[in-house]
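**Q** What follows is a single structure, and I will ask about it in a moment.
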Amino acid sequence: MSTGKVEEREETSAELGPFGSCPLPIFEHPQIVLGHGSGGKLSAELIEKVFVSRFRNATLEKMDDQAVLEIGSTRLAFTTDSFVVTPIFFPGGNIGTLAVNGTVNDLAMGGARPLYLSAAFILEEGLAAAELERVVDSMAASAQSAGVELVTGDTKVVNRGKGDKVFITTTGIGVVERGTRMSADRARTGDKILLSGYIGDHGITILSQRENLEFESALESDCAALNGLVDVMLDAAGGAVDGFRVMRDPTRGGVATVLNEIAGRSRVGMVLKESAIPVRDAVRGACEMLGLDPLYVANEGKLVAVVAPEIADRVLGAMRGHPLGAESCAIGEVVAQHAGMVLMRTGVGGTRVVDVLFGEQLPRIC
Amino acid sequence: MKYLDEYRDGPIAAKLVERIKRAQTKPWVIMEVCGGQTHSIVKNGIDQLLPKGVELVHGPGCPVCVTPLEMIDKAHAIARRPEVIFCSFGDMLRVPGSDGDLFRIKSQGGDVRVVYSPLDCLKIAKANPEKQVVFFAIGFETTAPANAMLAWQAKQMDLKNVSLLVSHVLVPPAIEAVLSSPQNRVQGFLGPGHVCAVVGYAEYEPLAARFRVPIVITGFEPLDILEGVLMTVEQLEQGRAEVENQYSRVLARGGNHPARERIARVFEVGDRKWRGVGTIPQSGFQLREEFREFDAEHRFSVEAIDTMEPEVCIAGQILQGIKKPHDCPAFGGECTPQHPLGATMVSAEGACAAYYTYGRHLKDADLTLHRASASGTPDLVTLGDQK
């Protein structure tokens, strides 16, 4: 801090008199809090300070959803993800479909063809065997429809109360067969930002199922494997696959969080158009009631792609021709100004910052 | 979407802005009282649409922001007790007290739960008869009916394991405090729509007359706010100082009679401390004698906690509309939502947090907006020279 700033600060405090007062806040967390798993700034801090600092290497530092490794002449994509969700069954899917599709999607976002998965289960004593079988049945069906094989696994059982029914970790490998070089640091001025459809369906579906909320909706999770959609997108670009700068599936933290990550790592600005972002009425209504912003709500079957302007129309057309991308649209573009910041042109014609949340999105009082 | 889109319509907003420009001949300072209005203004960029001569300043109506630190410390002392299930509205969980926030207490084993309705506490209490369920009853008149209903029903059901930690505040005494300040700049008010939906707006009429200020009770959608500004500017230009109701689709002068009746049965008006402002006489609710048994302060003997707040930020001046977040040297640097130095940075409705989250691009740069020529591409934002 500059000396000038300190002096200014002292003057201000002196004017305050009996007014104006605040406590010193906490920042360092002696314990893990729920916000560390939110996908927001707390998660980023945890990953950087606890994990990346200890394992530092060039691949990890890219901070993509998957590692792309060159082994001989093969480019191998490798990723892992853990799944915890309450309730484990919800409209549109269950923890098993999430566990398969989530890892398939992390591979697909790297331009890879997903091939093999592993699955590790932590089961809580007392879990109904029939529930486990239902979960595993859906995993088998999801794997088959995504074209991957589950080739290895593990199970552990913990005492009742030490888990929450079932936790699943899946790891996946795939091959990158095209010449894509997608990574969060590759967005450039003029690139277009494409989104594959309605946002917030998964997060609001899960919320609506929680017992203390008691609102009913016909919403379903959008849980789906996106490798087929990615395939048609890459095909549409023909030889120009280098125009695919980065793809992400906006899961926890939502669209706002992935765009901020990309803007930050690429050192570019972004401008979104609020009216172009598709949100179903049921999701909008729930968000309005609960004081939430759909831009931060989780999706499990959507992707955001930053692509070069010369291929944007072709890619968008291909997306719209695929069943999982029928409502795709261009929601914004990359600009040279305000690097690291995502702005949005609001429906009434103002602009605002679209920031990363600190931790959990908290319902507002009134 | 019905009831939303028609109040967020861009072309109608542009027409209202035109009418404000035509109506305004002199500079005016207007305060929106409610934190929800502040949030909407900054989130939608409404302040950027207004002519330079119409300045919006942000009022004291953020319930999280004005809850005093000592009350937060009392809440934390109760929430740490092993026999307690502590229930709260969501945005109180991250408000730092003298030692940590409710998230930290939860991570250390405290049973802290977010509820959407105070009445959820009844269900929790019945399901956990061996536990004490405490609800953090904060807010303005808006949350008072549901909070009153919790005490009322707990009494009807004779639930011995429910109590309320009450820190309820009222809007009219805060408006009076703002207008009575020698530093006051506010010439007109956008009145609090949801508060008045509960208690009506008759109470605001003596304030408008005594201080010669227009008060336009206003809603929360972009077009509500623009229309409220237009009605306030028209009154100011015409030299009128009346209470008008922009939010007539929701509320009438008398408010909601059953809600008022229930509040009056459970609560009585008393002195309250406001964070950043100090004690304002007759500015809040406390439980009436016959509901005192549900007072958590008494049940858990935390009345004696009296925290002195260190004077490090200008939240008090911001809550009174004397200064704006950008006037604070700590804003966006030392003080951010991750690392809040003051209450107005903590809640999404706090002026500082709203500026930081949605509007911090506006300080250093002139924004000029123009439409991109190609159809289907988003509008571009071009930044002028950095000042």
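Letters for chains follow the order of the structure tokens (A, B, ...), residue numbers begin at 1 for each chain, and ligand numbers begin at 1 in the order shown.
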Could you pull out the helix (DSSP H, G or I) residues of region 177-247 of chain A from DSSP and send them as a list in words?

**A**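 Output for region 177-247 of chain A, helix (DSSP H, G or I) only: Asp201, His202, Gly203, Ile204, Thr205, Ile206, Leu207, Ser208, Gln209, Asn227, Gly228, Leu229, Val230, Asp231, Val232, Met233, Leu234, Asp235, Ala236, Val241, Asp242 and Gly243 of chain A.
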
**Q** Keeping only N, CA, C and O atoms, write the selected residues as a PDB file, in the first residue's frame.

**A**
```pdb
ATOM      1  N   ASP A 201     -30.544 -25.758 -15.059  1.00  0.00           N
ATOM      2  CA  ASP A 201     -31.527 -26.828 -14.856  1.00  0.00           C
ATOM      3  C   ASP A 201     -31.103 -27.798 -13.742  1.00  0.00           C
ATOM      4  O   ASP A 201     -31.901 -28.168 -12.889  1.00  0.00           O
ATOM      5  N   HIS A 202     -29.831 -28.201 -13.772  1.00  0.00           N
ATOM      6  CA  HIS A 202     -29.400 -29.198 -12.796  1.00  0.00           C
ATOM      7  C   HIS A 202     -29.447 -28.641 -11.367  1.00  0.00           C
ATOM      8  O   HIS A 202     -30.045 -29.237 -10.480  1.00  0.00           O
ATOM      9  N   GLY A 203     -28.824 -27.496 -11.173  1.00  0.00           N
ATOM     10  CA  GLY A 203     -28.741 -26.936  -9.818  1.00  0.00           C
ATOM     11  C   GLY A 203     -30.108 -26.680  -9.204  1.00  0.00           C
ATOM     12  O   GLY A 203     -30.347 -26.987  -8.031  1.00  0.00           O
ATOM     13  N   ILE A 204     -31.031 -26.155 -10.003  1.00  0.00           N
ATOM     14  CA  ILE A 204     -32.357 -25.844  -9.456  1.00  0.00           C
ATOM     15  C   ILE A 204     -33.153 -27.133  -9.233  1.00  0.00           C
ATOM     16  O   ILE A 204     -33.921 -27.238  -8.281  1.00  0.00           O
ATOM     17  N   THR A 205     -32.944 -28.139 -10.097  1.00  0.00           N
ATOM     18  CA  THR A 205     -33.602 -29.434  -9.865  1.00  0.00           C
ATOM     19  C   THR A 205     -33.178 -30.003  -8.517  1.00  0.00           C
ATOM     20  O   THR A 205     -34.006 -30.460  -7.726  1.00  0.00           O
ATOM     21  N   ILE A 206     -31.878 -29.981  -8.249  1.00  0.00           N
ATOM     22  CA  ILE A 206     -31.377 -30.526  -6.977  1.00  0.00           C
ATOM     23  C   ILE A 206     -31.960 -29.720  -5.811  1.00  0.00           C
ATOM     24  O   ILE A 206     -32.443 -30.283  -4.830  1.00  0.00           O
ATOM     25  N   LEU A 207     -31.930 -28.377  -5.936  1.00  0.00           N
ATOM     26  CA  LEU A 207     -32.491 -27.541  -4.865  1.00  0.00           C
ATOM     27  C   LEU A 207     -33.947 -27.890  -4.600  1.00  0.00           C
ATOM     28  O   LEU A 207     -34.378 -27.976  -3.456  1.00  0.00           O
ATOM     29  N   SER A 208     -34.694 -28.083  -5.682  1.00  0.00           N
ATOM     30  CA  SER A 208     -36.132 -28.318  -5.529  1.00  0.00           C
ATOM     31  C   SER A 208     -36.408 -29.650  -4.839  1.00  0.00           C
ATOM     32  O   SER A 208     -37.493 -29.856  -4.313  1.00  0.00           O
ATOM     33  N   GLN A 209     -35.421 -30.550  -4.839  1.00  0.00           N
ATOM     34  CA  GLN A 209     -35.609 -31.865  -4.219  1.00  0.00           C
ATOM     35  C   GLN A 209     -35.255 -31.866  -2.732  1.00  0.00           C
ATOM     36  O   GLN A 209     -35.505 -32.830  -2.037  1.00  0.00           O
ATOM     37  N   ASN A 227     -19.803 -35.794 -25.276  1.00  0.00           N
ATOM     38  CA  ASN A 227     -18.768 -36.107 -26.269  1.00  0.00           C
ATOM     39  C   ASN A 227     -19.317 -36.146 -27.692  1.00  0.00           C
ATOM     40  O   ASN A 227     -18.626 -35.770 -28.633  1.00  0.00           O
ATOM     41  N   GLY A 228     -20.581 -36.555 -27.851  1.00  0.00           N
ATOM     42  CA  GLY A 228     -21.174 -36.560 -29.188  1.00  0.00           C
ATOM     43  C   GLY A 228     -21.327 -35.153 -29.741  1.00  0.00           C
ATOM     44  O   GLY A 228     -21.024 -34.885 -30.912  1.00  0.00           O
ATOM     45  N   LEU A 229     -21.767 -34.236 -28.881  1.00  0.00           N
ATOM     46  CA  LEU A 229     -21.918 -32.838 -29.298  1.00  0.00           C
ATOM     47  C   LEU A 229     -20.557 -32.232 -29.674  1.00  0.00           C
ATOM     48  O   LEU A 229     -20.422 -31.563 -30.704  1.00  0.00           O
ATOM     49  N   VAL A 230     -19.553 -32.519 -28.840  1.00  0.00           N
ATOM     50  CA  VAL A 230     -18.214 -31.991 -29.127  1.00  0.00           C
ATOM     51  C   VAL A 230     -17.723 -32.519 -30.481  1.00  0.00           C
ATOM     52  O   VAL A 230     -17.133 -31.777 -31.269  1.00  0.00           O
ATOM     53  N   ASP A 231     -17.992 -33.782 -30.746  1.00  0.00           N
ATOM     54  CA  ASP A 231     -17.598 -34.375 -32.021  1.00  0.00           C
ATOM     55  C   ASP A 231     -18.140 -33.606 -33.219  1.00  0.00           C
ATOM     56  O   ASP A 231     -17.392 -33.283 -34.145  1.00  0.00           O
ATOM     57  N   VAL A 232     -19.448 -33.309 -33.198  1.00  0.00           N
ATOM     58  CA  VAL A 232     -20.002 -32.611 -34.360  1.00  0.00           C
ATOM     59  C   VAL A 232     -19.464 -31.186 -34.447  1.00  0.00           C
ATOM     60  O   VAL A 232     -19.306 -30.631 -35.537  1.00  0.00           O
ATOM     61  N   MET A 233     -19.161 -30.591 -33.297  1.00  0.00           N
ATOM     62  CA  MET A 233     -18.578 -29.242 -33.323  1.00  0.00           C
ATOM     63  C   MET A 233     -17.196 -29.265 -33.975  1.00  0.00           C
ATOM     64  O   MET A 233     -16.878 -28.440 -34.829  1.00  0.00           O
ATOM     65  N   LEU A 234     -16.366 -30.237 -33.557  1.00  0.00           N
ATOM     66  CA  LEU A 234     -15.008 -30.310 -34.109  1.00  0.00           C
ATOM     67  C   LEU A 234     -15.069 -30.649 -35.603  1.00  0.00           C
ATOM     68  O   LEU A 234     -14.309 -30.095 -36.405  1.00  0.00           O
ATOM     69  N   ASP A 235     -16.016 -31.523 -35.984  1.00  0.00           N
ATOM     70  CA  ASP A 235     -16.185 -31.853 -37.403  1.00  0.00           C
ATOM     71  C   ASP A 235     -16.533 -30.612 -38.217  1.00  0.00           C
ATOM     72  O   ASP A 235     -16.026 -30.415 -39.322  1.00  0.00           O
ATOM     73  N   ALA A 236     -17.397 -29.763 -37.644  1.00  0.00           N
ATOM     74  CA  ALA A 236     -17.861 -28.584 -38.378  1.00  0.00           C
ATOM     75  C   ALA A 236     -16.714 -27.630 -38.689  1.00  0.00           C
ATOM     76  O   ALA A 236     -16.752 -26.892 -39.677  1.00  0.00           O
ATOM     77  N   VAL A 241      -9.458 -26.639 -36.567  1.00  0.00           N
ATOM     78  CA  VAL A 241      -9.757 -26.937 -35.156  1.00  0.00           C
ATOM     79  C   VAL A 241      -8.948 -26.068 -34.196  1.00  0.00           C
ATOM     80  O   VAL A 241      -9.284 -25.964 -33.021  1.00  0.00           O
ATOM     81  N   ASP A 242      -7.894 -25.433 -34.704  1.00  0.00           N
ATOM     82  CA  ASP A 242      -7.151 -24.536 -33.820  1.00  0.00           C
ATOM     83  C   ASP A 242      -8.013 -23.349 -33.388  1.00  0.00           C
ATOM     84  O   ASP A 242      -7.707 -22.668 -32.416  1.00  0.00           O
ATOM     85  N   GLY A 243      -9.104 -23.110 -34.150  1.00  0.00           N
ATOM     86  CA  GLY A 243     -10.038 -22.045 -33.775  1.00  0.00           C
ATOM     87  C   GLY A 243     -10.817 -22.357 -32.505  1.00  0.00           C
ATOM     88  O   GLY A 243     -11.459 -21.478 -31.942  1.00  0.00           O
TER      89      GLY A 243
END
```

**Q** Excluding Glu221 (chain B) and any residue of its chain fewer than 5 positions from it, enumerate the residues within 9 Å of it, using only C-alpha atoms, and give them as a list of chain:residue names.

**A**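 Once the nearby chain positions are removed, what remains is B:Leu4, B:Tyr7, B:Arg8, B:Gln37, B:Ser40, B:Ile41, B:Leu226.
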
**Q** Could you save the residues just selected, with N, CA and C atoms, as a PDB file, in the first residue's frame?

**A**
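Written file, part-v9.pdb:
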```
ATOM      1  N   LEU B   4     -42.235 -10.557 -14.767  1.00  0.00           N
ATOM      2  CA  LEU B   4     -40.835 -10.141 -14.713  1.00  0.00           C
ATOM      3  C   LEU B   4     -40.476  -9.361 -15.956  1.00  0.00           C
ATOM      4  N   TYR B   7     -41.457  -5.800 -16.592  1.00  0.00           N
ATOM      5  CA  TYR B   7     -40.832  -4.761 -15.758  1.00  0.00           C
ATOM      6  C   TYR B   7     -39.334  -4.626 -16.015  1.00  0.00           C
ATOM      7  N   ARG B   8     -38.860  -5.331 -17.050  1.00  0.00           N
ATOM      8  CA  ARG B   8     -37.431  -5.262 -17.381  1.00  0.00           C
ATOM      9  C   ARG B   8     -37.247  -4.921 -18.856  1.00  0.00           C
ATOM     10  N   GLN B  37     -33.383  -2.473  -3.486  1.00  0.00           N
ATOM     11  CA  GLN B  37     -33.363  -1.495  -4.587  1.00  0.00           C
ATOM     12  C   GLN B  37     -31.922  -1.203  -5.007  1.00  0.00           C
ATOM     13  N   SER B  40     -30.746  -4.029  -7.148  1.00  0.00           N
ATOM     14  CA  SER B  40     -31.335  -3.990  -8.480  1.00  0.00           C
ATOM     15  C   SER B  40     -30.724  -2.874  -9.334  1.00  0.00           C
ATOM     16  N   ILE B  41     -30.498  -1.707  -8.722  1.00  0.00           N
ATOM     17  CA  ILE B  41     -29.932  -0.564  -9.454  1.00  0.00           C
ATOM     18  C   ILE B  41     -28.555  -0.910  -9.995  1.00  0.00           C
ATOM     19  N   LEU B 226     -37.008   3.139 -12.261  1.00  0.00           N
ATOM     20  CA  LEU B 226     -36.977   4.298 -13.160  1.00  0.00           C
ATOM     21  C   LEU B 226     -38.242   5.140 -12.999  1.00  0.00           C
TER      22      LEU B 226
END
```

**Q** Give me, as a PyMOL selection string, the residues of chain B touching chain A, with the criterion being at most 6 Å (counting only C-alpha atoms).

**A** chain B and resi 10+44-45+89-91+96+100+107+276-277+309-316+338+341-342+358-359+378

**Q** Using only C-alpha atoms, which of the listed residues (A:Thr251, A:Ser145, A:Ser118, A:Ser38) sits closest to Lys302 (chain A)?

**A** A:Thr251

**Q** Give me, please, the distance in Å between CA of Met71 (chain B) and CA of Ala351 (chain B), quoted to one decimal.

**A**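 So the answer is 20.9 Å.
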
**Q** I'd like the interatomic distance between CA of Val162 (chain B) and CA of Val133 (chain B), to a tenth of an Å.

**A**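 So the two atoms, CA of Val162 (chain B) and CA of Val133 (chain B), lie 4.9 Å apart.
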
**Q** For Gly197 (chain A), which of A:Arg265, A:Arg320, A:Arg56, A:Arg210 is the closest residue, counting only C-alpha atoms?

**A**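 Closest candidate: A:Arg320.
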
**Q** Looking at A:Val176, A:Ala318, A:Val255, A:Val304, which one is nearest to Ser73 (chain A), with distances taken over only C-alpha atoms?

**A**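 Between A:Val176, A:Ala318, A:Val255, A:Val304, the residue approaching Ser73 (chain A) most closely is A:Val176.
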
**Q** What is the CA of Pro129 (chain B)-CA of Phe215 (chain A) distance in Å, reported with one decimal?

**A**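 Straight-line distance from CA of Pro129 (chain B) to CA of Phe215 (chain A) works out to 26.2 Å.
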
**Q** Residues near region 305-312 of chain A, anyone? I mean within 8 Å using only C-alpha atoms, not counting same-chain ones fewer than 5 positions away, as a PDB file with all heavy atoms, in the first residue's frame.

**A**
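Produced file selection06.pdb, reproduced below:
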```pdb
ATOM      1  N   ALA A 187      -7.961 -17.873 -25.108  1.00  0.00           N
ATOM      2  CA  ALA A 187      -8.981 -16.969 -25.665  1.00  0.00           C
ATOM      3  C   ALA A 187      -8.313 -15.701 -26.192  1.00  0.00           C
ATOM      4  O   ALA A 187      -7.388 -15.185 -25.584  1.00  0.00           O
ATOM      5  CB  ALA A 187     -10.005 -16.618 -24.588  1.00  0.00           C
ATOM      6  N   ARG A 188      -8.794 -15.219 -27.355  1.00  0.00           N
ATOM      7  CA  ARG A 188      -8.196 -14.020 -27.964  1.00  0.00           C
ATOM      8  C   ARG A 188      -9.281 -13.007 -28.300  1.00  0.00           C
ATOM      9  O   ARG A 188     -10.434 -13.380 -28.553  1.00  0.00           O
ATOM     10  CB  ARG A 188      -7.487 -14.372 -29.279  1.00  0.00           C
ATOM     11  CG  ARG A 188      -6.364 -15.335 -29.111  1.00  0.00           C
ATOM     12  CD  ARG A 188      -5.795 -15.657 -30.480  1.00  0.00           C
ATOM     13  NE  ARG A 188      -5.030 -16.893 -30.396  1.00  0.00           N
ATOM     14  CZ  ARG A 188      -4.574 -17.544 -31.457  1.00  0.00           C
ATOM     15  NH1 ARG A 188      -4.826 -17.087 -32.662  1.00  0.00           N
ATOM     16  NH2 ARG A 188      -3.880 -18.641 -31.299  1.00  0.00           N
ATOM     17  N   GLY A 190     -11.836 -10.857 -30.053  1.00  0.00           N
ATOM     18  CA  GLY A 190     -12.637 -11.134 -31.240  1.00  0.00           C
ATOM     19  C   GLY A 190     -13.285 -12.503 -31.223  1.00  0.00           C
ATOM     20  O   GLY A 190     -14.238 -12.755 -31.968  1.00  0.00           O
ATOM     21  N   ASP A 191     -12.796 -13.416 -30.352  1.00  0.00           N
ATOM     22  CA  ASP A 191     -13.406 -14.747 -30.268  1.00  0.00           C
ATOM     23  C   ASP A 191     -14.862 -14.649 -29.825  1.00  0.00           C
ATOM     24  O   ASP A 191     -15.241 -13.722 -29.108  1.00  0.00           O
ATOM     25  CB  ASP A 191     -12.652 -15.617 -29.239  1.00  0.00           C
ATOM     26  CG  ASP A 191     -11.300 -16.091 -29.763  1.00  0.00           C
ATOM     27  OD1 ASP A 191     -11.031 -15.907 -30.970  1.00  0.00           O
ATOM     28  OD2 ASP A 191     -10.518 -16.621 -28.949  1.00  0.00           O
ATOM     29  N   LYS A 192     -15.643 -15.638 -30.234  1.00  0.00           N
ATOM     30  CA  LYS A 192     -17.056 -15.685 -29.840  1.00  0.00           C
ATOM     31  C   LYS A 192     -17.248 -16.696 -28.711  1.00  0.00           C
ATOM     32  O   LYS A 192     -16.539 -17.708 -28.659  1.00  0.00           O
ATOM     33  CB  LYS A 192     -17.931 -16.117 -31.030  1.00  0.00           C
ATOM     34  CG  LYS A 192     -17.779 -15.245 -32.254  1.00  0.00           C
ATOM     35  CD  LYS A 192     -18.317 -13.854 -32.009  1.00  0.00           C
ATOM     36  CE  LYS A 192     -18.165 -12.999 -33.275  1.00  0.00           C
ATOM     37  NZ  LYS A 192     -18.385 -11.572 -32.981  1.00  0.00           N
ATOM     38  N   ILE A 193     -18.215 -16.393 -27.852  1.00  0.00           N
ATOM     39  CA  ILE A 193     -18.514 -17.292 -26.730  1.00  0.00           C
ATOM     40  C   ILE A 193     -19.839 -17.990 -27.022  1.00  0.00           C
ATOM     41  O   ILE A 193     -20.878 -17.338 -27.156  1.00  0.00           O
ATOM     42  CB  ILE A 193     -18.603 -16.500 -25.416  1.00  0.00           C
ATOM     43  CG1 ILE A 193     -17.298 -15.734 -25.179  1.00  0.00           C
ATOM     44  CG2 ILE A 193     -18.912 -17.433 -24.244  1.00  0.00           C
ATOM     45  CD1 ILE A 193     -17.411 -14.628 -24.152  1.00  0.00           C
ATOM     46  N   LEU A 194     -19.791 -19.313 -27.169  1.00  0.00           N
ATOM     47  CA  LEU A 194     -20.989 -20.091 -27.495  1.00  0.00           C
ATOM     48  C   LEU A 194     -21.426 -20.895 -26.268  1.00  0.00           C
ATOM     49  O   LEU A 194     -20.592 -21.391 -25.510  1.00  0.00           O
ATOM     50  CB  LEU A 194     -20.707 -21.058 -28.656  1.00  0.00           C
ATOM     51  CG  LEU A 194     -20.043 -20.457 -29.905  1.00  0.00           C
ATOM     52  CD1 LEU A 194     -19.818 -21.553 -30.965  1.00  0.00           C
ATOM     53  CD2 LEU A 194     -20.877 -19.316 -30.493  1.00  0.00           C
ATOM     54  N   LEU A 195     -22.740 -21.025 -26.101  1.00  0.00           N
ATOM     55  CA  LEU A 195     -23.299 -21.779 -24.980  1.00  0.00           C
ATOM     56  C   LEU A 195     -24.296 -22.778 -25.556  1.00  0.00           C
ATOM     57  O   LEU A 195     -25.085 -22.430 -26.443  1.00  0.00           O
ATOM     58  CB  LEU A 195     -23.989 -20.804 -24.015  1.00  0.00           C
ATOM     59  CG  LEU A 195     -24.866 -21.378 -22.902  1.00  0.00           C
ATOM     60  CD1 LEU A 195     -24.007 -22.146 -21.899  1.00  0.00           C
ATOM     61  CD2 LEU A 195     -25.606 -20.254 -22.173  1.00  0.00           C
ATOM     62  N   ALA A 237     -15.676 -27.639 -37.847  1.00  0.00           N
ATOM     63  CA  ALA A 237     -14.561 -26.725 -38.073  1.00  0.00           C
ATOM     64  C   ALA A 237     -13.627 -27.224 -39.165  1.00  0.00           C
ATOM     65  O   ALA A 237     -12.757 -26.490 -39.629  1.00  0.00           O
ATOM     66  CB  ALA A 237     -13.790 -26.522 -36.772  1.00  0.00           C
ATOM     67  N   ALA A 240      -9.887 -26.395 -39.360  1.00  0.00           N
ATOM     68  CA  ALA A 240      -9.591 -25.202 -38.553  1.00  0.00           C
ATOM     69  C   ALA A 240      -9.817 -25.432 -37.060  1.00  0.00           C
ATOM     70  O   ALA A 240     -10.300 -24.574 -36.338  1.00  0.00           O
ATOM     71  CB  ALA A 240     -10.453 -24.029 -39.040  1.00  0.00           C
ATOM     72  N   GLY A 243      -9.104 -23.110 -34.150  1.00  0.00           N
ATOM     73  CA  GLY A 243     -10.038 -22.045 -33.775  1.00  0.00           C
ATOM     74  C   GLY A 243     -10.817 -22.357 -32.505  1.00  0.00           C
ATOM     75  O   GLY A 243     -11.459 -21.478 -31.942  1.00  0.00           O
ATOM     76  N   PHE A 244     -10.799 -23.619 -32.052  1.00  0.00           N
ATOM     77  CA  PHE A 244     -11.383 -23.930 -30.740  1.00  0.00           C
ATOM     78  C   PHE A 244     -10.376 -23.549 -29.670  1.00  0.00           C
ATOM     79  O   PHE A 244      -9.370 -24.217 -29.485  1.00  0.00           O
ATOM     80  CB  PHE A 244     -11.710 -25.429 -30.632  1.00  0.00           C
ATOM     81  CG  PHE A 244     -12.944 -25.816 -31.371  1.00  0.00           C
ATOM     82  CD1 PHE A 244     -12.865 -26.304 -32.654  1.00  0.00           C
ATOM     83  CD2 PHE A 244     -14.189 -25.651 -30.785  1.00  0.00           C
ATOM     84  CE1 PHE A 244     -14.011 -26.642 -33.357  1.00  0.00           C
ATOM     85  CE2 PHE A 244     -15.340 -25.990 -31.472  1.00  0.00           C
ATOM     86  CZ  PHE A 244     -15.246 -26.475 -32.764  1.00  0.00           C
ATOM     87  N   ARG A 245     -10.620 -22.424 -28.966  1.00  0.00           N
ATOM     88  CA  ARG A 245      -9.638 -21.969 -27.969  1.00  0.00           C
ATOM     89  C   ARG A 245      -9.782 -22.760 -26.681  1.00  0.00           C
ATOM     90  O   ARG A 245      -8.823 -23.216 -26.125  1.00  0.00           O
ATOM     91  CB  ARG A 245      -9.851 -20.490 -27.653  1.00  0.00           C
ATOM     92  CG  ARG A 245     -10.050 -19.613 -28.859  1.00  0.00           C
ATOM     93  CD  ARG A 245      -8.847 -19.596 -29.776  1.00  0.00           C
ATOM     94  NE  ARG A 245      -9.018 -18.500 -30.727  1.00  0.00           N
ATOM     95  CZ  ARG A 245      -8.416 -18.413 -31.878  1.00  0.00           C
ATOM     96  NH1 ARG A 245      -7.582 -19.363 -32.263  1.00  0.00           N
ATOM     97  NH2 ARG A 245      -8.624 -17.374 -32.660  1.00  0.00           N
ATOM     98  N   VAL A 246     -11.024 -22.867 -26.213  1.00  0.00           N
ATOM     99  CA  VAL A 246     -11.245 -23.575 -24.960  1.00  0.00           C
ATOM    100  C   VAL A 246     -12.714 -23.969 -24.870  1.00  0.00           C
ATOM    101  O   VAL A 246     -13.592 -23.266 -25.371  1.00  0.00           O
ATOM    102  CB  VAL A 246     -10.814 -22.718 -23.742  1.00  0.00           C
ATOM    103  CG1 VAL A 246     -11.461 -21.346 -23.747  1.00  0.00           C
ATOM    104  CG2 VAL A 246     -11.128 -23.409 -22.401  1.00  0.00           C
ATOM    105  N   MET A 247     -12.954 -25.135 -24.246  1.00  0.00           N
ATOM    106  CA  MET A 247     -14.323 -25.572 -23.937  1.00  0.00           C
ATOM    107  C   MET A 247     -14.362 -25.923 -22.468  1.00  0.00           C
ATOM    108  O   MET A 247     -13.400 -26.475 -21.931  1.00  0.00           O
ATOM    109  CB  MET A 247     -14.676 -26.825 -24.720  1.00  0.00           C
ATOM    110  CG  MET A 247     -15.215 -26.578 -26.094  1.00  0.00           C
ATOM    111  SD  MET A 247     -15.866 -28.150 -26.696  1.00  0.00           S
ATOM    112  CE  MET A 247     -15.422 -27.977 -28.405  1.00  0.00           C
ATOM    113  N   ARG A 248     -15.480 -25.615 -21.846  1.00  0.00           N
ATOM    114  CA  ARG A 248     -15.665 -25.998 -20.442  1.00  0.00           C
ATOM    115  C   ARG A 248     -17.109 -26.434 -20.249  1.00  0.00           C
ATOM    116  O   ARG A 248     -18.019 -25.887 -20.877  1.00  0.00           O
ATOM    117  CB  ARG A 248     -15.403 -24.794 -19.520  1.00  0.00           C
ATOM    118  CG  ARG A 248     -13.930 -24.465 -19.300  1.00  0.00           C
ATOM    119  CD  ARG A 248     -13.317 -25.465 -18.355  1.00  0.00           C
ATOM    120  NE  ARG A 248     -11.877 -25.366 -18.343  1.00  0.00           N
ATOM    121  CZ  ARG A 248     -11.183 -24.670 -17.436  1.00  0.00           C
ATOM    122  NH1 ARG A 248     -11.821 -23.985 -16.508  1.00  0.00           N
ATOM    123  NH2 ARG A 248      -9.876 -24.655 -17.466  1.00  0.00           N
TER     124      ARG A 248
END
```

**Q** Can you tell me which residues surround region 161-173 of chain A at a distance of at most 9 Å, considering only C-alpha atoms, apart from same-chain residues fewer than 2 positions away, and format the answer as a PyMOL selection string?

**A** chain A and resi 76-86+88+95-96+99-100+102-104+106-107+112-128+132+150+153+157-159+175
